[in-house]
>>> print(open('structure_32.csv').read())   # CSV, C-alpha atoms
chain,number,residue,atom,x,y,z
W,1,MET,CA,6.7,-68.8,-62.9
W,2,SER,CA,7.3,-70.0,-59.4
W,3,THR,CA,10.4,-72.0,-60.3
W,4,GLN,CA,13.1,-70.7,-62.6
W,5,ARG,CA,14.1,-73.4,-65.1
W,6,HIS,CA,17.2,-73.8,-67.2
W,7,GLY,CA,17.8,-75.9,-70.3
W,8,VAL,CA,20.8,-78.1,-70.6
W,9,PHE,CA,22.9,-75.6,-72.6
W,10,THR,CA,21.8,-72.6,-70.6
W,11,LYS,CA,22.8,-74.5,-67.4
W,12,TYR,CA,26.2,-75.3,-68.9
W,13,LEU,CA,26.8,-71.6,-69.9
W,14,ALA,CA,25.8,-70.4,-66.5
W,15,SER,CA,28.3,-72.7,-64.9
W,16,LEU,CA,31.2,-71.2,-66.9
W,17,GLU,CA,33.3,-68.6,-65.0
W,18,CYS,CA,33.3,-65.3,-66.8
W,19,GLY,CA,36.7,-64.7,-68.5
W,20,ALA,CA,38.0,-68.2,-67.9
W,21,SER,CA,39.5,-70.1,-70.8
W,22,ALA,CA,37.7,-73.2,-71.8
W,23,ALA,CA,39.3,-76.5,-72.9
W,24,SER,CA,37.7,-75.9,-76.3
W,25,PRO,CA,36.0,-72.7,-77.5
W,26,VAL,CA,32.3,-72.3,-76.9
W,27,ILE,CA,30.7,-71.0,-80.1
W,28,VAL,CA,27.0,-70.2,-79.9
W,29,HIS,CA,25.1,-69.9,-83.1
W,30,GLY,CA,21.7,-68.3,-82.7
W,31,ARG,CA,19.0,-66.9,-84.8
W,32,THR,CA,16.0,-65.0,-83.8
W,33,ARG,CA,13.0,-65.0,-85.9
W,34,ARG,CA,10.4,-62.3,-85.8
W,35,GLY,CA,7.1,-63.6,-84.5
W,36,THR,CA,3.8,-63.2,-86.3
W,37,MET,CA,1.9,-61.3,-83.6
W,38,ARG,CA,2.0,-57.5,-83.6
W,39,LEU,CA,0.3,-55.7,-80.7
W,40,ALA,CA,-2.3,-53.2,-81.9
W,41,ASP,CA,-0.7,-49.7,-82.1
W,42,ALA,CA,-3.7,-47.7,-80.9
W,43,ALA,CA,-4.1,-47.4,-77.1
W,44,HIS,CA,-7.9,-47.4,-77.5
W,45,THR,CA,-8.0,-50.7,-79.5
W,46,PRO,CA,-9.4,-53.5,-77.4
W,47,VAL,CA,-7.1,-56.5,-77.1
W,48,ILE,CA,-8.3,-60.1,-76.4
W,49,MET,CA,-5.5,-62.5,-75.6
W,50,VAL,CA,-5.8,-66.3,-75.2
W,51,GLY,CA,-2.7,-67.9,-73.8
W,52,PRO,CA,-3.0,-71.2,-72.0
W,53,GLY,CA,0.1,-72.7,-70.4
W,54,THR,CA,3.3,-71.4,-71.7
W,55,GLY,CA,1.3,-69.6,-74.4
W,56,VAL,CA,0.9,-66.9,-71.8
W,57,ALA,CA,4.5,-65.7,-72.2
W,58,PRO,CA,3.9,-63.5,-75.3
W,59,MET,CA,0.6,-62.4,-73.7
W,60,ARG,CA,2.5,-61.2,-70.6
W,61,SER,CA,4.6,-58.8,-72.7
W,62,PHE,CA,1.4,-57.5,-74.4
W,63,VAL,CA,-0.2,-57.0,-71.0
W,64,GLN,CA,2.8,-55.2,-69.7
W,65,ALA,CA,2.9,-52.9,-72.7
W,66,ARG,CA,-0.8,-52.2,-72.4
W,67,ALA,CA,-0.6,-51.7,-68.7
W,68,ARG,CA,1.9,-48.9,-69.1
W,69,LEU,CA,-0.9,-47.0,-70.9
W,70,GLY,CA,-3.0,-46.9,-67.7
W,71,PRO,CA,-6.4,-48.2,-66.7
W,72,ALA,CA,-9.2,-48.9,-69.1
W,73,SER,CA,-11.8,-46.2,-69.8
W,74,SER,CA,-14.4,-46.2,-67.0
W,75,ALA,CA,-17.0,-45.7,-69.8
W,76,SER,CA,-16.5,-49.3,-70.9
W,77,SER,CA,-18.1,-52.1,-68.9
W,78,THR,CA,-15.4,-54.5,-70.1
W,79,SER,CA,-11.7,-53.7,-70.1
W,80,PRO,CA,-10.1,-53.4,-73.5
W,81,ASN,CA,-7.4,-55.7,-72.2
W,82,VAL,CA,-8.8,-59.2,-71.8
W,83,LEU,CA,-6.7,-62.3,-71.0
W,84,PHE,CA,-7.9,-65.9,-71.1
W,85,PHE,CA,-5.3,-68.1,-69.4
W,86,GLY,CA,-5.6,-71.8,-68.7
W,87,CYS,CA,-3.6,-74.2,-66.6
W,88,ARG,CA,-4.1,-77.3,-64.5
W,89,SER,CA,-4.4,-75.8,-61.1
W,90,ARG,CA,-3.9,-72.4,-59.4
W,91,SER,CA,-1.5,-74.0,-56.9
W,92,SER,CA,1.0,-75.4,-59.4
W,93,ASP,CA,1.1,-73.6,-62.7
W,94,ASP,CA,-0.9,-70.4,-62.6
W,95,TYR,CA,2.0,-68.4,-64.2
W,96,PHE,CA,2.2,-64.7,-63.3
W,97,ALA,CA,-0.9,-64.9,-61.2
W,98,ALA,CA,0.2,-62.1,-58.7
W,99,GLU,CA,1.3,-59.8,-61.6
W,100,PHE,CA,-1.9,-60.3,-63.5
W,101,GLY,CA,-3.9,-60.0,-60.3
W,102,ARG,CA,-2.4,-56.5,-59.7
W,103,TYR,CA,-3.3,-55.4,-63.2
W,104,ALA,CA,-6.8,-56.7,-62.8
W,105,ALA,CA,-7.2,-55.0,-59.4
W,106,ASP,CA,-6.3,-51.6,-60.8
W,107,GLY,CA,-8.5,-51.9,-63.9
W,108,ARG,CA,-5.8,-52.5,-66.5
W,109,LEU,CA,-6.8,-56.1,-67.2
W,110,GLU,CA,-9.8,-58.3,-67.3
W,111,ARG,CA,-8.6,-61.9,-66.5
W,112,HIS,CA,-10.5,-65.1,-67.1
W,113,THR,CA,-8.7,-68.2,-65.8
W,114,ALA,CA,-9.5,-71.8,-66.6
W,115,TYR,CA,-8.2,-74.4,-64.2
W,116,SER,CA,-8.6,-77.8,-66.0
W,117,ARG,CA,-7.9,-80.1,-63.0
W,118,GLU,CA,-9.7,-78.4,-60.2
W,119,SER,CA,-13.2,-79.9,-60.8
W,120,ALA,CA,-14.7,-83.1,-62.2
W,121,ALA,CA,-15.6,-81.3,-65.5
W,122,LYS,CA,-12.4,-80.0,-67.2
W,123,THR,CA,-12.6,-76.3,-68.0
W,124,TYR,CA,-10.4,-74.9,-70.8
W,125,VAL,CA,-9.9,-71.5,-72.2
W,126,GLN,CA,-12.4,-72.1,-75.0
W,127,HIS,CA,-15.0,-72.7,-72.4
W,128,LYS,CA,-14.2,-69.3,-70.8
W,129,VAL,CA,-14.3,-67.6,-74.2
W,130,ALA,CA,-17.8,-69.2,-74.7
W,131,SER,CA,-19.0,-68.0,-71.3
W,132,ALA,CA,-18.0,-64.4,-72.2
W,133,ALA,CA,-19.4,-64.7,-75.8
W,134,ALA,CA,-21.6,-61.5,-75.7
W,135,ASP,CA,-18.7,-59.4,-74.4
W,136,MET,CA,-16.2,-60.9,-76.9
W,137,TRP,CA,-18.6,-60.1,-79.8
W,138,ARG,CA,-19.0,-56.6,-78.6
W,139,LEU,CA,-15.3,-56.1,-78.4
W,140,ILE,CA,-14.6,-57.7,-81.8
W,141,ASP,CA,-17.4,-55.7,-83.4
W,142,GLY,CA,-15.8,-52.6,-81.8
W,143,GLY,CA,-12.4,-53.3,-83.5
W,144,ALA,CA,-10.7,-55.6,-81.0
W,145,HIS,CA,-7.6,-57.5,-82.0
W,146,VAL,CA,-7.5,-61.2,-80.9
W,147,TYR,CA,-4.2,-63.1,-80.2
W,148,VAL,CA,-4.0,-66.8,-79.6
W,149,SER,CA,-0.8,-68.4,-78.4
W,150,GLY,CA,0.1,-71.8,-77.0
W,151,SER,CA,0.1,-75.5,-77.9
W,152,SER,CA,-0.8,-76.3,-81.5
W,153,GLY,CA,-2.9,-79.4,-80.5
W,154,SER,CA,-6.6,-79.0,-80.5
W,155,MET,CA,-6.6,-75.6,-78.6
W,156,PRO,CA,-6.3,-73.2,-81.5
W,157,ALA,CA,-9.2,-74.8,-83.4
W,158,GLU,CA,-11.4,-75.0,-80.3
W,159,VAL,CA,-10.7,-71.4,-79.4
W,160,ARG,CA,-11.5,-70.4,-83.0
W,161,ALA,CA,-14.8,-72.4,-82.7
W,162,ALA,CA,-15.7,-70.5,-79.5
W,163,PHE,CA,-15.1,-67.2,-81.2
W,164,ALA,CA,-17.0,-68.3,-84.2
W,165,ALA,CA,-20.0,-69.3,-82.0
W,166,ALA,CA,-19.8,-65.9,-80.3
W,167,ILE,CA,-19.8,-64.1,-83.6
W,168,SER,CA,-22.6,-66.3,-85.0
W,169,THR,CA,-24.9,-66.0,-81.9
W,170,HIS,CA,-24.3,-62.4,-81.0
W,171,GLY,CA,-23.5,-61.0,-84.5
W,172,GLY,CA,-26.5,-62.7,-86.1
W,173,MET,CA,-24.5,-64.7,-88.6
W,174,SER,CA,-24.6,-68.3,-89.8
W,175,SER,CA,-21.7,-70.5,-88.6
W,176,ASP,CA,-20.1,-70.4,-92.1
W,177,ALA,CA,-20.4,-66.6,-92.2
W,178,ALA,CA,-18.8,-66.4,-88.7
W,179,TYR,CA,-15.8,-68.5,-89.8
W,180,ASP,CA,-15.5,-66.2,-92.9
W,181,TYR,CA,-15.6,-63.2,-90.6
W,182,ILE,CA,-12.7,-64.7,-88.6
W,183,ARG,CA,-10.7,-65.3,-91.8
W,184,ALA,CA,-11.3,-61.6,-92.8
W,185,LEU,CA,-10.1,-60.6,-89.3
W,186,GLU,CA,-6.9,-62.7,-90.0
W,187,LYS,CA,-6.3,-61.0,-93.3
W,188,ALA,CA,-6.7,-57.6,-91.6
W,189,GLY,CA,-4.2,-58.6,-88.9
W,190,ARG,CA,-6.9,-58.6,-86.2
W,191,TYR,CA,-6.9,-62.3,-85.4
W,192,CYS,CA,-3.5,-63.8,-84.9
W,193,GLU,CA,-2.4,-67.3,-83.9
W,194,GLU,CA,1.1,-68.2,-82.9
W,195,CYS,CA,1.0,-71.8,-81.8
W,196,TRP,CA,3.6,-74.5,-81.5
W,197,SER,CA,3.9,-78.2,-80.8
>>> encode(input="structure_32.csv", output="structure tokens")
Amino acid sequence: MSTQRHGVFTKYLASLECGASAASPVIVHGRTRRGTMRLADAAHTPVIMVGPGTGVAPMRSFVQARARLGPASSASSTSPNVLFFGCRSRSSDDYFAAEFGRYAADGRLERHTAYSRESAAKTYVQHKVASAAADMWRLIDGGAHVYVSGSSGSMPAEVRAAFAAAISTHGGMSSDAAYDYIRALEKAGRYCEECWS
């Protein structure tokens, strides 16, 4: 992120002087909940990540973990670490662009970015998935894990439809069979969505 942001309570806590006594005690109750996404254990397992907007945050941790493993095999024409990221424009909200660019430059990440407000026709992550359909089918058929994170509006369903179309077209299945295939991937822990409103 280009600008660090603080919430109301975070800003208040940051304003307190360490060790100073407050007029009333500050009691913070918190709970962390384990997320639903688990990064594939095997280093050779291809990973496809779709994280538009703030949905890129968990994907960043996956990219960092996978990047520590080194560059993708040169025997593969497509990196086993694929990221689809979407934002309005590269100048205002292309989160972690420099970091992801470094990973892409040294072969540790294949990056597809959709800038929805930089042309007359809006381009979203599902359009980028669709344009890489043959490669996505090859990776999924080869054991890839797919992770989708971000807004729970129409994005998850539209991304799922793009993957279903790739599976149907390049896997030689009917549309219904492609959706069944995705449901089977979900049950196997290979297609994970963690989306919020």
>>> closest_residue(input="structure_32.csv", among="W:Tyr115, W:Tyr12, W:Tyr181, W:Phe100", to="Arg88 in chain W", atoms="only C-alpha atoms")
W:Tyr115
>>> residues_around(input="structure_32.csv", residues="range 175-178 of chain W", least_positions_apart="5", cutoff="6 Å", atoms="only C-alpha atoms", output="ChimeraX atom specification")
/W:164,167-168
>>> closest_residue(input="structure_32.csv", among="W:Gly172, W:Pro52, W:Gly189, W:Pro58", to="Ser151 in chain W", atoms="all atoms listed in the file")
W:Pro52
>>> atom_distance(input="structure_32.csv", atom1="CA of Arg34 in chain W", atom2="CA of Glu158 in chain W")
25.8 Å
>>> residues_near_point(input="structure_32.csv", point="(-20.2, -62.1, -80.9)", cutoff="8 Å", atoms="all atoms listed in the file", output="VMD selection string")
chain W and resid 133 to 138 140 to 141 163 to 171
>>> residues_near_point(input="structure_32.csv", point="(3.3, -54.5, -74.6)", cutoff="12 Å", atoms="only C-alpha atoms", output="VMD selection string")
chain W and resid 37 to 43 47 49 57 to 69 81
>>> closest_residue(input="structure_32.csv", among="W:Leu139, W:Ala120, W:Leu16, W:Ala130", to="Pro46 in chain W", atoms="only C-alpha atoms")
W:Leu139
>>> atom_distance(input="structure_32.csv", atom1="CA of Val28 in chain W", atom2="CA of Val8 in chain W")
13.7 Å
>>> closest_residue(input="structure_32.csv", among="W:Thr123, W:Ser89, W:Thr54, W:Thr36", to="Tyr191 in chain W", atoms="only C-alpha atoms")
W:Thr36
>>> atom_distance(input="structure_32.csv", atom1="CA of Cys192 in chain W", atom2="CA of Phe96 in chain W")
22.4 Å
>>> closest_residue(input="structure_32.csv", among="W:Lys122, W:Arg31, W:Arg111, W:Arg102", to="Val56 in chain W", atoms="all atoms listed in the file")
W:Arg111
>>> closest_residue(input="structure_32.csv", among="W:Met155, W:Val82, W:Val148, W:Ala162", to="Val50 in chain W", atoms="only C-alpha atoms")
W:Val148
